[in-house]
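Reviewing the structure listed below.
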Amino acid sequence: MRKRRSKRKGWIKILTEYEKSIFDNMLNEATIAKGKKLKPKERREVMFKSRDIVRALREANSIKTIKTMLYQNKNSK
């Protein structure tokens with residue numbers, strides 16, 4: 001019997017600085033935990049997990065489209 005994987009959603013196109021820091025921190029933690037450079041497959045897995053975390057944060061904050069928030073910030077300056 002095959003192990004079924006859940007379908008992954010697409011890549012997040014526009015990230016805030018906070019969301020970028022989540023990706024960076026998770027990659028750094030994984031590299032430190034391993035003690036050497038991550039292989040591409042390991043790096044990809046870390047990115048998938050961090051992407052899921054960012055999605056969960058957005059859903060928790062009920063941010064449907066980050067674009068509107070960014071446009072509002074640009075227009076207010």
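Identifiers in this document derive from the order of the structure tokens: chains are assigned A, B, ..., residues are numbered from 1 separately in each chain, and ligands are numbered from 1 in order of occurrence.
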
Which residues of stretch 40-59 of chain A sit at most 9 Å from stretch 19-28 of chain A, using only C-alpha atoms? Give each one's shortest atom pair and distance in Å (one decimal place), in chain and ascending residue order, as CSV.
residue,atom,partner,partner_atom,distance
A:Arg43,CA,A:Leu27,CA,7.2
A:Val46,CA,A:Leu27,CA,6.5
A:Met47,CA,A:Phe23,CA,6.7
A:Lys49,CA,A:Met26,CA,8.8
A:Ser50,CA,A:Phe23,CA,5.7
A:Arg51,CA,A:Phe23,CA,7.6
A:Ile53,CA,A:Ile22,CA,8.5
A:Val54,CA,A:Glu19,CA,6.4

Could you write those residues out with N, CA and C atoms, as an mmCIF file, in the first residue's frame?
data_model
loop_
_atom_site.group_PDB
_atom_site.id
_atom_site.type_symbol
_atom_site.label_atom_id
_atom_site.label_comp_id
_atom_site.auth_asym_id
_atom_site.auth_seq_id
_atom_site.Cartn_x
_atom_site.Cartn_y
_atom_site.Cartn_z
ATOM 1 N N ARG A 43 16.852 20.834 2.582
ATOM 2 C CA ARG A 43 16.517 22.264 2.525
ATOM 3 C C ARG A 43 15.072 22.459 2.061
ATOM 4 N N VAL A 46 12.628 21.691 4.856
ATOM 5 C CA VAL A 46 12.575 22.784 5.832
ATOM 6 C C VAL A 46 11.748 23.939 5.272
ATOM 7 N N MET A 47 11.922 24.235 3.993
ATOM 8 C CA MET A 47 11.160 25.310 3.366
ATOM 9 C C MET A 47 9.664 24.976 3.344
ATOM 10 N N LYS A 49 8.048 23.121 5.511
ATOM 11 C CA LYS A 49 7.540 23.265 6.880
ATOM 12 C C LYS A 49 7.374 24.734 7.253
ATOM 13 N N SER A 50 8.356 25.555 6.884
ATOM 14 C CA SER A 50 8.255 26.974 7.221
ATOM 15 C C SER A 50 7.135 27.643 6.429
ATOM 16 N N ARG A 51 6.927 27.200 5.205
ATOM 17 C CA ARG A 51 5.829 27.736 4.399
ATOM 18 C C ARG A 51 4.487 27.401 5.037
ATOM 19 N N ILE A 53 3.981 26.966 8.204
ATOM 20 C CA ILE A 53 3.878 27.811 9.398
ATOM 21 C C ILE A 53 3.400 29.212 9.024
ATOM 22 N N VAL A 54 3.963 29.765 7.952
ATOM 23 C CA VAL A 54 3.561 31.104 7.500
ATOM 24 C C VAL A 54 2.090 31.099 7.096
#

(message) Between atom CA of A:Phe48 and atom CA of A:Ile14, what is the distance in Å, rounded to a tenth?
(response)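 Separation between atom CA of A:Phe48 and atom CA of A:Ile14: 15.8 Å.
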